[in-house]
>>> print(open('model.pdb').read())   # PDB, C-alpha atoms
ATOM      1  CA  MET J   1      19.441-173.355-125.879  1.00  0.00           C
ATOM      2  CA  PRO J   2      23.093-172.287-126.426  1.00  0.00           C
ATOM      3  CA  ILE J   3      24.063-170.803-129.781  1.00  0.00           C
ATOM      4  CA  GLN J   4      26.032-173.214-131.967  1.00  0.00           C
ATOM      5  CA  PRO J   5      29.041-171.787-133.819  1.00  0.00           C
ATOM      6  CA  PRO J   6      29.266-172.438-137.558  1.00  0.00           C
ATOM      7  CA  PRO J   7      31.796-174.949-138.896  1.00  0.00           C
ATOM      8  CA  LEU J   8      35.092-173.059-138.946  1.00  0.00           C
ATOM      9  CA  PRO J   9      37.307-173.069-142.042  1.00  0.00           C
ATOM     10  CA  LEU J  10      40.701-174.672-141.419  1.00  0.00           C
ATOM     11  CA  VAL J  11      42.548-171.332-141.404  1.00  0.00           C
ATOM     12  CA  LEU J  12      40.363-170.098-138.503  1.00  0.00           C
ATOM     13  CA  GLN J  13      40.327-173.185-136.309  1.00  0.00           C
ATOM     14  CA  ASN J  14      43.257-172.089-134.134  1.00  0.00           C
ATOM     15  CA  THR J  15      42.860-168.295-134.261  1.00  0.00           C
ATOM     16  CA  VAL J  16      40.439-167.830-131.358  1.00  0.00           C
ATOM     17  CA  ASN J  17      39.596-169.927-128.322  1.00  0.00           C
ATOM     18  CA  LEU J  18      35.869-170.443-128.792  1.00  0.00           C
ATOM     19  CA  PRO J  19      34.248-172.008-125.712  1.00  0.00           C
ATOM     20  CA  HIS J  20      31.925-174.874-126.466  1.00  0.00           C
ATOM     21  CA  PRO J  21      29.146-174.754-125.565  1.00  0.00           C
ATOM     22  CA  LEU J  22      28.553-171.026-125.078  1.00  0.00           C
ATOM     23  CA  HIS J  23      26.736-169.796-121.983  1.00  0.00           C
ATOM     24  CA  ASP J  24      23.002-169.333-122.349  1.00  0.00           C
ATOM     25  CA  PRO J  25      22.732-166.358-122.679  1.00  0.00           C
ATOM     26  CA  PRO J  26      26.300-165.640-123.842  1.00  0.00           C
ATOM     27  CA  ILE J  27      28.544-163.652-121.500  1.00  0.00           C
ATOM     28  CA  ALA J  28      30.443-160.496-122.511  1.00  0.00           C
ATOM     29  CA  THR J  29      33.689-162.442-123.031  1.00  0.00           C
ATOM     30  CA  GLU J  30      31.948-164.657-125.573  1.00  0.00           C
ATOM     31  CA  VAL J  31      30.655-161.567-127.401  1.00  0.00           C
ATOM     32  CA  GLY J  32      34.271-160.379-127.634  1.00  0.00           C
ATOM     33  CA  ILE J  33      35.432-163.777-128.880  1.00  0.00           C
ATOM     34  CA  ALA J  34      32.685-163.845-131.538  1.00  0.00           C
ATOM     35  CA  SER J  35      33.691-160.338-132.658  1.00  0.00           C
ATOM     36  CA  GLU J  36      37.370-161.339-132.826  1.00  0.00           C
ATOM     37  CA  LEU J  37      36.409-164.406-134.866  1.00  0.00           C
ATOM     38  CA  LYS J  38      34.511-162.203-137.329  1.00  0.00           C
ATOM     39  CA  ALA J  39      37.462-159.787-137.578  1.00  0.00           C
ATOM     40  CA  GLN J  40      39.863-162.666-138.292  1.00  0.00           C
ATOM     41  CA  ALA J  41      37.418-164.067-140.856  1.00  0.00           C
ATOM     42  CA  ALA J  42      37.254-160.696-142.630  1.00  0.00           C
ATOM     43  CA  ILE J  43      41.049-160.620-142.861  1.00  0.00           C
ATOM     44  CA  HIS J  44      41.161-164.150-144.296  1.00  0.00           C
ATOM     45  CA  ARG J  45      38.336-163.284-146.720  1.00  0.00           C
ATOM     46  CA  SER J  46      40.317-160.274-148.021  1.00  0.00           C
ATOM     47  CA  HIS J  47      43.096-162.738-148.943  1.00  0.00           C
ATOM     48  CA  ASN J  48      40.622-165.237-150.503  1.00  0.00           C
ATOM     49  CA  ARG J  49      41.409-167.855-147.853  1.00  0.00           C
ATOM     50  CA  ILE J  50      37.738-168.338-146.975  1.00  0.00           C
ATOM     51  CA  THR J  51      34.589-167.961-149.022  1.00  0.00           C
ATOM     52  CA  GLN J  52      32.052-165.176-148.820  1.00  0.00           C
ATOM     53  CA  ASP J  53      29.539-167.723-147.537  1.00  0.00           C
ATOM     54  CA  GLU J  54      31.882-168.760-144.697  1.00  0.00           C
ATOM     55  CA  LEU J  55      32.367-165.107-143.735  1.00  0.00           C
ATOM     56  CA  GLY J  56      28.579-164.636-143.800  1.00  0.00           C
ATOM     57  CA  GLN J  57      28.037-167.611-141.491  1.00  0.00           C
ATOM     58  CA  ILE J  58      30.584-166.240-139.028  1.00  0.00           C
ATOM     59  CA  ALA J  59      29.063-162.740-139.183  1.00  0.00           C
ATOM     60  CA  SER J  60      25.627-164.258-138.553  1.00  0.00           C
ATOM     61  CA  PHE J  61      27.052-166.187-135.595  1.00  0.00           C
ATOM     62  CA  GLU J  62      28.502-162.985-134.124  1.00  0.00           C
ATOM     63  CA  TYR J  63      25.159-161.235-134.545  1.00  0.00           C
ATOM     64  CA  LYS J  64      23.319-164.075-132.795  1.00  0.00           C
ATOM     65  CA  VAL J  65      25.770-164.005-129.878  1.00  0.00           C
ATOM     66  CA  VAL J  66      25.404-160.223-129.495  1.00  0.00           C
ATOM     67  CA  ALA J  67      21.613-160.442-129.831  1.00  0.00           C
ATOM     68  CA  ALA J  68      21.357-163.206-127.223  1.00  0.00           C
ATOM     69  CA  HIS J  69      23.705-161.328-124.890  1.00  0.00           C
ATOM     70  CA  THR J  70      21.663-158.135-125.062  1.00  0.00           C
ATOM     71  CA  SER J  71      18.380-160.120-124.917  1.00  0.00           C
ATOM     72  CA  GLY J  72      15.597-157.489-124.832  1.00  0.00           C
ATOM     73  CA  ASP J  73      17.676-155.017-126.865  1.00  0.00           C
ATOM     74  CA  ALA J  74      18.039-157.450-129.759  1.00  0.00           C
ATOM     75  CA  ALA J  75      16.091-157.427-133.001  1.00  0.00           C
ATOM     76  CA  PRO J  76      12.925-159.540-133.225  1.00  0.00           C
ATOM     77  CA  PRO J  77      13.272-163.191-134.307  1.00  0.00           C
ATOM     78  CA  TRP J  78      11.998-162.540-137.863  1.00  0.00           C
ATOM     79  CA  PHE J  79      14.609-159.841-138.495  1.00  0.00           C
ATOM     80  CA  ASP J  80      17.504-162.163-139.477  1.00  0.00           C
ATOM     81  CA  ARG J  81      15.464-163.966-142.116  1.00  0.00           C
ATOM     82  CA  ALA J  82      14.109-160.689-143.506  1.00  0.00           C
ATOM     83  CA  MET J  83      17.601-159.201-143.725  1.00  0.00           C
ATOM     84  CA  ASP J  84      18.978-162.345-145.370  1.00  0.00           C
ATOM     85  CA  ASN J  85      16.240-162.106-147.996  1.00  0.00           C
ATOM     86  CA  LYS J  86      16.929-158.417-148.601  1.00  0.00           C
ATOM     87  CA  LEU J  87      20.722-158.833-148.721  1.00  0.00           C
ATOM     88  CA  LYS J  88      20.803-161.925-150.944  1.00  0.00           C
ATOM     89  CA  PRO J  89      20.550-159.970-154.241  1.00  0.00           C
ATOM     90  CA  ILE J  90      23.281-157.611-153.048  1.00  0.00           C
ATOM     91  CA  ASN J  91      25.546-160.484-151.983  1.00  0.00           C
ATOM     92  CA  ASP J  92      24.902-162.268-155.283  1.00  0.00           C
ATOM     93  CA  ARG J  93      25.799-159.125-157.221  1.00  0.00           C
ATOM     94  CA  LEU J  94      28.975-158.630-155.164  1.00  0.00           C
ATOM     95  CA  THR J  95      29.966-162.220-155.912  1.00  0.00           C
ATOM     96  CA  ARG J  96      29.471-161.632-159.647  1.00  0.00           C
ATOM     97  CA  ILE J  97      31.528-158.425-159.466  1.00  0.00           C
ATOM     98  CA  GLU J  98      34.269-160.227-157.539  1.00  0.00           C
ATOM     99  CA  ASN J  99      34.364-162.977-160.187  1.00  0.00           C
ATOM    100  CA  LYS J 100      34.608-160.421-163.012  1.00  0.00           C
ATOM    101  CA  LEU J 101      37.413-158.579-161.223  1.00  0.00           C
ATOM    102  CA  ASN J 102      39.287-161.839-160.737  1.00  0.00           C
ATOM    103  CA  ARG J 103      38.978-162.645-164.461  1.00  0.00           C
ATOM    104  CA  ALA J 104      40.192-159.117-165.332  1.00  0.00           C
ATOM    105  CA  LEU J 105      43.183-159.513-162.998  1.00  0.00           C
ATOM    106  CA  ILE J 106      44.086-162.855-164.579  1.00  0.00           C
ATOM    107  CA  PHE J 107      43.831-161.331-168.064  1.00  0.00           C
ATOM    108  CA  ALA J 108      46.054-158.388-167.074  1.00  0.00           C
ATOM    109  CA  VAL J 109      48.739-160.563-165.469  1.00  0.00           C
ATOM    110  CA  VAL J 110      48.793-163.061-168.349  1.00  0.00           C
ATOM    111  CA  SER J 111      49.061-160.162-170.818  1.00  0.00           C
ATOM    112  CA  HIS J 112      51.979-158.740-168.841  1.00  0.00           C
ATOM    113  CA  ASN J 113      53.720-162.129-168.699  1.00  0.00           C
ATOM    114  CA  LEU J 114      53.330-162.642-172.468  1.00  0.00           C
ATOM    115  CA  ARG J 115      55.682-159.681-172.986  1.00  0.00           C
ATOM    116  CA  LEU J 116      58.391-161.352-170.902  1.00  0.00           C
ATOM    117  CA  GLY J 117      59.078-164.379-173.108  1.00  0.00           C
ATOM    118  CA  ASP J 118      60.648-166.958-170.804  1.00  0.00           C
ATOM    119  CA  GLY J 119      60.487-164.797-167.662  1.00  0.00           C
ATOM    120  CA  LYS J 120      64.216-164.069-167.708  1.00  0.00           C
ATOM    121  CA  PHE J 121      64.109-161.003-169.963  1.00  0.00           C
ATOM    122  CA  ALA J 122      65.807-157.938-168.383  1.00  0.00           C
ATOM    123  CA  ASN J 123      65.547-159.469-164.889  1.00  0.00           C
ATOM    124  CA  GLN J 124      61.759-159.254-165.012  1.00  0.00           C
ATOM    125  CA  PRO J 125      60.252-162.496-163.689  1.00  0.00           C
ATOM    126  CA  PHE J 126      56.681-163.541-164.386  1.00  0.00           C
ATOM    127  CA  GLU J 127      53.945-162.098-162.215  1.00  0.00           C
ATOM    128  CA  MET J 128      51.963-164.705-160.267  1.00  0.00           C
ATOM    129  CA  VAL J 129      48.675-165.539-162.031  1.00  0.00           C
ATOM    130  CA  PRO J 130      45.833-166.291-159.578  1.00  0.00           C
ATOM    131  CA  PHE J 131      44.007-169.589-159.870  1.00  0.00           C
ATOM    132  CA  LYS J 132      40.477-169.715-161.323  1.00  0.00           C
ATOM    133  CA  ASN J 133      39.033-169.597-157.787  1.00  0.00           C
ATOM    134  CA  GLY J 134      40.946-166.390-157.009  1.00  0.00           C
ATOM    135  CA  THR J 135      43.510-167.893-154.645  1.00  0.00           C
ATOM    136  CA  GLU J 136      47.199-167.308-155.209  1.00  0.00           C
ATOM    137  CA  PRO J 137      49.202-170.447-156.006  1.00  0.00           C
ATOM    138  CA  ASN J 138      52.119-169.559-153.715  1.00  0.00           C
ATOM    139  CA  LYS J 139      50.004-168.670-150.637  1.00  0.00           C
ATOM    140  CA  ASP J 140      47.737-170.564-148.256  1.00  0.00           C
ATOM    141  CA  PRO J 141      46.061-172.936-148.836  1.00  0.00           C
ATOM    142  CA  ASN J 142      48.052-173.870-151.980  1.00  0.00           C
ATOM    143  CA  ASN J 143      51.690-173.105-150.969  1.00  0.00           C
ATOM    144  CA  LEU J 144      53.142-173.998-154.376  1.00  0.00           C
ATOM    145  CA  PRO J 145      56.538-172.900-155.713  1.00  0.00           C
ATOM    146  CA  ILE J 146      56.560-169.515-157.464  1.00  0.00           C
ATOM    147  CA  LEU J 147      56.760-169.734-161.254  1.00  0.00           C
ATOM    148  CA  ARG J 148      59.183-166.840-161.862  1.00  0.00           C
ATOM    149  CA  ASP J 149      60.383-168.126-165.227  1.00  0.00           C
ATOM    150  CA  ILE J 150      60.321-171.093-167.603  1.00  0.00           C
ATOM    151  CA  ASP J 151      62.989-172.906-165.550  1.00  0.00           C
ATOM    152  CA  ALA J 152      60.732-172.886-162.465  1.00  0.00           C
ATOM    153  CA  LEU J 153      57.935-174.379-164.559  1.00  0.00           C
ATOM    154  CA  GLN J 154      60.260-177.076-165.921  1.00  0.00           C
ATOM    155  CA  ALA J 155      61.445-177.917-162.373  1.00  0.00           C
ATOM    156  CA  LEU J 156      57.962-178.617-160.935  1.00  0.00           C
ATOM    157  CA  ASP J 157      57.539-182.086-159.497  1.00  0.00           C
ATOM    158  CA  ASP J 158      54.494-184.101-160.575  1.00  0.00           C
ATOM    159  CA  ALA J 159      52.354-183.208-157.537  1.00  0.00           C
ATOM    160  CA  ASP J 160      52.989-179.449-157.869  1.00  0.00           C
ATOM    161  CA  LEU J 161      52.477-179.598-161.627  1.00  0.00           C
ATOM    162  CA  THR J 162      49.136-181.332-161.115  1.00  0.00           C
ATOM    163  CA  ALA J 163      48.118-178.744-158.492  1.00  0.00           C
ATOM    164  CA  TYR J 164      48.916-175.904-160.916  1.00  0.00           C
ATOM    165  CA  TYR J 165      47.120-177.734-163.735  1.00  0.00           C
ATOM    166  CA  ARG J 166      43.956-178.190-161.649  1.00  0.00           C
ATOM    167  CA  GLY J 167      44.166-174.665-160.197  1.00  0.00           C
ATOM    168  CA  TYR J 168      44.195-173.141-163.668  1.00  0.00           C
ATOM    169  CA  GLY J 169      41.205-175.242-164.733  1.00  0.00           C
ATOM    170  CA  GLY J 170      42.822-178.322-166.252  1.00  0.00           C
ATOM    171  CA  ARG J 171      40.670-181.443-166.299  1.00  0.00           C
ATOM    172  CA  GLY J 172      41.265-185.131-166.771  1.00  0.00           C
ATOM    173  CA  ASN J 173      44.428-187.185-166.504  1.00  0.00           C
ATOM    174  CA  ALA J 174      46.718-185.412-168.965  1.00  0.00           C
ATOM    175  CA  SER J 175      50.346-186.392-169.496  1.00  0.00           C
ATOM    176  CA  ALA J 176      53.091-184.334-167.797  1.00  0.00           C
ATOM    177  CA  PRO J 177      54.065-182.549-171.051  1.00  0.00           C
ATOM    178  CA  THR J 178      50.416-181.687-171.713  1.00  0.00           C
ATOM    179  CA  ARG J 179      49.967-180.379-168.158  1.00  0.00           C
ATOM    180  CA  LYS J 180      53.170-178.298-168.422  1.00  0.00           C
ATOM    181  CA  ASP J 181      52.038-176.816-171.713  1.00  0.00           C
ATOM    182  CA  PHE J 182      48.621-176.029-170.207  1.00  0.00           C
ATOM    183  CA  VAL J 183      50.236-174.272-167.210  1.00  0.00           C
ATOM    184  CA  ARG J 184      52.672-172.463-169.541  1.00  0.00           C
ATOM    185  CA  ASN J 185      49.721-171.012-171.464  1.00  0.00           C
ATOM    186  CA  ALA J 186      47.799-170.229-168.269  1.00  0.00           C
ATOM    187  CA  ILE J 187      50.633-168.102-166.845  1.00  0.00           C
ATOM    188  CA  GLY J 188      51.369-166.337-170.134  1.00  0.00           C
ATOM    189  CA  CYS J 189      54.745-167.863-170.964  1.00  0.00           C
ATOM    190  CA  SER J 190      55.176-167.280-174.701  1.00  0.00           C
ATOM    191  CA  ILE J 191      58.152-169.630-175.129  1.00  0.00           C
ATOM    192  CA  ASN J 192      57.423-173.239-176.075  1.00  0.00           C
ATOM    193  CA  LEU J 193      58.802-175.887-173.771  1.00  0.00           C
ATOM    194  CA  GLY J 194      61.566-177.924-175.271  1.00  0.00           C
TER
END
>>> encode(input="model.pdb", output="structure tokens")
Amino acid sequence: MPIQPPPLPLVLQNTVNLPHPLHDPPIATEVGIASELKAQAAIHRSHNRITQDELGQIASFEYKVVAAHTSGDAAPPWFDRAMDNKLKPINDRLTRIENKLNRALIFAVVSHNLRLGDGKFANQPFEMVPFKNGTEPNKDPNNLPILRDIDALQALDDADLTAYYRGYGGRGNASAPTRKDFVRNAIGCSINLG
């Protein structure tokens, strides 16, 4: 039975031409395509565009393609499950470390921004504060305007303001002034909005 690829995250759907279905067993070209897919996934993971779980699924897919291609040279059928069980605590710990690093980065950037008042002081704009999930507001998949200073925050339209509000952990249906004040605090702007 041909190997089924995992569901691809949106950012990877047009990066490689993955034949469907794969040959059974996969041919060398398909091994190369699976390896290229994993390499692209690793790049997107380093920019927080895909999750660690999505990268793991793609890496597992590449392994299965290679194993099926090499047939007799591949690991026994129980090996994948055993490795998953052994690696789960390590992957869980890495996820916890990644989350702590993200919180430390947010703290450092907010602390830096607090020194800058309205973001216009001495031509030093605010640094971009990552969202709670680790993604950067101005990059894929968010693509929001950069909040360089208090004027940029004031100029946000309702949709972008809501996206910032949600990205920084805001909940509920708050009014626009409440959302702006929440985002102002989240990015470390020490000047009250007026």
>>> residues_around(input="model.pdb", residues="Leu10 (chain J)", least_positions_apart="6", cutoff="10 Å", atoms="all atoms listed in the file", output="list of chain:residue names")
J:Arg49, J:Ile50, J:Pro141
>>> residues_near_point(input="model.pdb", point="(34.0, -163.1, -130.0)", cutoff="10 Å", atoms="all atoms listed in the file", output="ChimeraX atom specification")
/J:16-19,28-39,61-62,65-66
>>> resolve_selection(input="model.pdb", expression="the PyMOL selection byres ((chain J and resi 54) around 9)", output="PyMOL selection string")
chain J and resi 6-9+41+45+50-53+55-59
>>> residues_around(input="model.pdb", residues="Asn123 (chain J)", least_positions_apart="6", cutoff="12 Å", atoms="all atoms listed in the file", output="ChimeraX atom specification")
/J:116-117,148-149
>>> write_last_selection(input="model.pdb", atoms="C-alpha atoms", output="compact mmCIF listing (two decimals), in the coordinates of the input")
# COMPACT_ATOMS: atom_id res chain seq x y z
CA LEU J 116 58.39 -161.35 -170.90
CA GLY J 117 59.08 -164.38 -173.11
CA ARG J 148 59.18 -166.84 -161.86
CA ASP J 149 60.38 -168.13 -165.23
>>> resolve_selection(input="model.pdb", expression="the PyMOL selection byres ((chain J and resi 67) around 12)", output="ChimeraX atom specification")
/J:3,24-28,30-31,34,60-66,68-77,79-80
>>> resolve_selection(input="model.pdb", expression="the PyMOL selection byres ((chain J and resi 176) around 10)", output="PyMOL selection string")
chain J and resi 157-158+161-162+165+173-175+177-182
>>> residues_around(input="model.pdb", residues="Asn99 (chain J)", least_positions_apart="3", cutoff="12 Å", atoms="only C-alpha atoms", output="PyMOL selection string")
chain J and resi 48+52+92-96+102-106+130-135
>>> residues_around(input="model.pdb", residues="Ile150 (chain J)", least_positions_apart="2", cutoff="10 Å", atoms="all atoms listed in the file", output="mmCIF file with C-alpha atoms, keeping the file's coordinate frame")
data_model
loop_
_atom_site.group_PDB
_atom_site.id
_atom_site.type_symbol
_atom_site.label_atom_id
_atom_site.label_comp_id
_atom_site.auth_asym_id
_atom_site.auth_seq_id
_atom_site.Cartn_x
_atom_site.Cartn_y
_atom_site.Cartn_z
ATOM 1 C CA GLY J 117 59.078 -164.379 -173.108
ATOM 2 C CA ASP J 118 60.648 -166.958 -170.804
ATOM 3 C CA GLY J 119 60.487 -164.797 -167.662
ATOM 4 C CA LYS J 120 64.216 -164.069 -167.708
ATOM 5 C CA PRO J 125 60.252 -162.496 -163.689
ATOM 6 C CA PHE J 126 56.681 -163.541 -164.386
ATOM 7 C CA LEU J 147 56.760 -169.734 -161.254
ATOM 8 C CA ARG J 148 59.183 -166.840 -161.862
ATOM 9 C CA ALA J 152 60.732 -172.886 -162.465
ATOM 10 C CA LEU J 153 57.935 -174.379 -164.559
ATOM 11 C CA GLN J 154 60.260 -177.076 -165.921
ATOM 12 C CA ALA J 155 61.445 -177.917 -162.373
ATOM 13 C CA ARG J 184 52.672 -172.463 -169.541
ATOM 14 C CA CYS J 189 54.745 -167.863 -170.964
ATOM 15 C CA SER J 190 55.176 -167.280 -174.701
ATOM 16 C CA ILE J 191 58.152 -169.630 -175.129
ATOM 17 C CA ASN J 192 57.423 -173.239 -176.075
ATOM 18 C CA LEU J 193 58.802 -175.887 -173.771
#
>>> axis_aligned_box(input="model.pdb", around="region 174-186 of chain J", padding_each_side="5 Å", output="lines of an AutoDock Vina configuration file")
center_x = 50.4
center_y = -178.3
center_z = -169.5
size_x = 17.3
size_y = 26.2
size_z = 14.5
>>> residues_around(input="model.pdb", residues="Glu127 (chain J)", least_positions_apart="3", cutoff="8 Å", atoms="all atoms listed in the file", output="number ranges by chain")
J: 109, 112-113, 148
>>> write_last_selection(input="model.pdb", atoms="C-alpha atoms", output="JSON list (two decimals), keeping the file's coordinate frame")
[["chain", "number", "residue", "atom", "x", "y", "z"],
["J", 109, "VAL", "CA", 48.74, -160.56, -165.47],
["J", 112, "HIS", "CA", 51.98, -158.74, -168.84],
["J", 113, "ASN", "CA", 53.72, -162.13, -168.70],
["J", 148, "ARG", "CA", 59.18, -166.84, -161.86]]
>>> atom_distance(input="model.pdb", atom1="CA of Leu12 (chain J)", atom2="CA of Asn142 (chain J)")
16.0 Å
>>> atom_distance(input="model.pdb", atom1="CA of Tyr164 (chain J)", atom2="CA of Val183 (chain J)")
6.6 Å
>>> closest_residue(input="model.pdb", among="J:Ile97, J:Ala108, J:Ile187, J:Leu114", to="Ile146 (chain J)", atoms="all atoms listed in the file")
J:Ile187
>>> atom_distance(input="model.pdb", atom1="CA of Gly169 (chain J)", atom2="CA of Glu136 (chain J)")
13.8 Å
>>> closest_residue(input="model.pdb", among="J:Val11, J:Leu144, J:Ala186, J:Leu156", to="Val129 (chain J)", atoms="all atoms listed in the file")
J:Ala186
>>> build_atoms(input="model.pdb", residues="region 33-51 of chain J", atoms="N, CA and C atoms", output="PDB file, keeping the file's coordinate frame")
ATOM      1  N   ILE J  33      34.832-162.689-128.099  1.00  0.00           N
ATOM      2  CA  ILE J  33      35.432-163.777-128.880  1.00  0.00           C
ATOM      3  C   ILE J  33      34.752-163.893-130.242  1.00  0.00           C
ATOM      4  N   ALA J  34      33.416-163.779-130.266  1.00  0.00           N
ATOM      5  CA  ALA J  34      32.685-163.845-131.538  1.00  0.00           C
ATOM      6  C   ALA J  34      33.079-162.683-132.448  1.00  0.00           C
ATOM      7  N   SER J  35      33.266-161.500-131.867  1.00  0.00           N
ATOM      8  CA  SER J  35      33.691-160.338-132.658  1.00  0.00           C
ATOM      9  C   SER J  35      35.105-160.530-133.194  1.00  0.00           C
ATOM     10  N   GLU J  36      35.995-161.073-132.380  1.00  0.00           N
ATOM     11  CA  GLU J  36      37.370-161.339-132.826  1.00  0.00           C
ATOM     12  C   GLU J  36      37.369-162.368-133.949  1.00  0.00           C
ATOM     13  N   LEU J  37      36.518-163.388-133.819  1.00  0.00           N
ATOM     14  CA  LEU J  37      36.409-164.406-134.866  1.00  0.00           C
ATOM     15  C   LEU J  37      35.966-163.764-136.178  1.00  0.00           C
ATOM     16  N   LYS J  38      34.977-162.864-136.107  1.00  0.00           N
ATOM     17  CA  LYS J  38      34.511-162.203-137.329  1.00  0.00           C
ATOM     18  C   LYS J  38      35.612-161.325-137.920  1.00  0.00           C
ATOM     19  N   ALA J  39      36.372-160.630-137.086  1.00  0.00           N
ATOM     20  CA  ALA J  39      37.462-159.787-137.578  1.00  0.00           C
ATOM     21  C   ALA J  39      38.528-160.640-138.272  1.00  0.00           C
ATOM     22  N   GLN J  40      38.885-161.769-137.673  1.00  0.00           N
ATOM     23  CA  GLN J  40      39.863-162.666-138.292  1.00  0.00           C
ATOM     24  C   GLN J  40      39.329-163.222-139.616  1.00  0.00           C
ATOM     25  N   ALA J  41      38.032-163.548-139.634  1.00  0.00           N
ATOM     26  CA  ALA J  41      37.418-164.067-140.856  1.00  0.00           C
ATOM     27  C   ALA J  41      37.462-163.024-141.971  1.00  0.00           C
ATOM     28  N   ALA J  42      37.216-161.767-141.620  1.00  0.00           N
ATOM     29  CA  ALA J  42      37.254-160.696-142.630  1.00  0.00           C
ATOM     30  C   ALA J  42      38.662-160.558-143.217  1.00  0.00           C
ATOM     31  N   ILE J  43      39.664-160.689-142.376  1.00  0.00           N
ATOM     32  CA  ILE J  43      41.049-160.620-142.861  1.00  0.00           C
ATOM     33  C   ILE J  43      41.324-161.772-143.817  1.00  0.00           C
ATOM     34  N   HIS J  44      40.932-162.983-143.434  1.00  0.00           N
ATOM     35  CA  HIS J  44      41.161-164.150-144.296  1.00  0.00           C
ATOM     36  C   HIS J  44      40.340-164.051-145.580  1.00  0.00           C
ATOM     37  N   ARG J  45      39.149-163.454-145.513  1.00  0.00           N
ATOM     38  CA  ARG J  45      38.336-163.284-146.720  1.00  0.00           C
ATOM     39  C   ARG J  45      39.024-162.314-147.686  1.00  0.00           C
ATOM     40  N   SER J  46      39.659-161.256-147.150  1.00  0.00           N
ATOM     41  CA  SER J  46      40.317-160.274-148.021  1.00  0.00           C
ATOM     42  C   SER J  46      41.493-160.894-148.765  1.00  0.00           C
ATOM     43  N   HIS J  47      41.999-162.029-148.273  1.00  0.00           N
ATOM     44  CA  HIS J  47      43.096-162.738-148.943  1.00  0.00           C
ATOM     45  C   HIS J  47      42.592-163.992-149.656  1.00  0.00           C
ATOM     46  N   ASN J  48      41.258-164.103-149.813  1.00  0.00           N
ATOM     47  CA  ASN J  48      40.622-165.237-150.503  1.00  0.00           C
ATOM     48  C   ASN J  48      40.935-166.578-149.862  1.00  0.00           C
ATOM     49  N   ARG J  49      41.126-166.589-148.545  1.00  0.00           N
ATOM     50  CA  ARG J  49      41.409-167.855-147.853  1.00  0.00           C
ATOM     51  C   ARG J  49      40.133-168.540-147.376  1.00  0.00           C
ATOM     52  N   ILE J  50      39.043-167.765-147.292  1.00  0.00           N
ATOM     53  CA  ILE J  50      37.738-168.338-146.975  1.00  0.00           C
ATOM     54  C   ILE J  50      36.743-167.763-147.968  1.00  0.00           C
ATOM     55  N   THR J  51      35.596-168.410-148.064  1.00  0.00           N
ATOM     56  CA  THR J  51      34.589-167.961-149.022  1.00  0.00           C
ATOM     57  C   THR J  51      33.719-166.875-148.408  1.00  0.00           C
TER      58      THR J  51
END
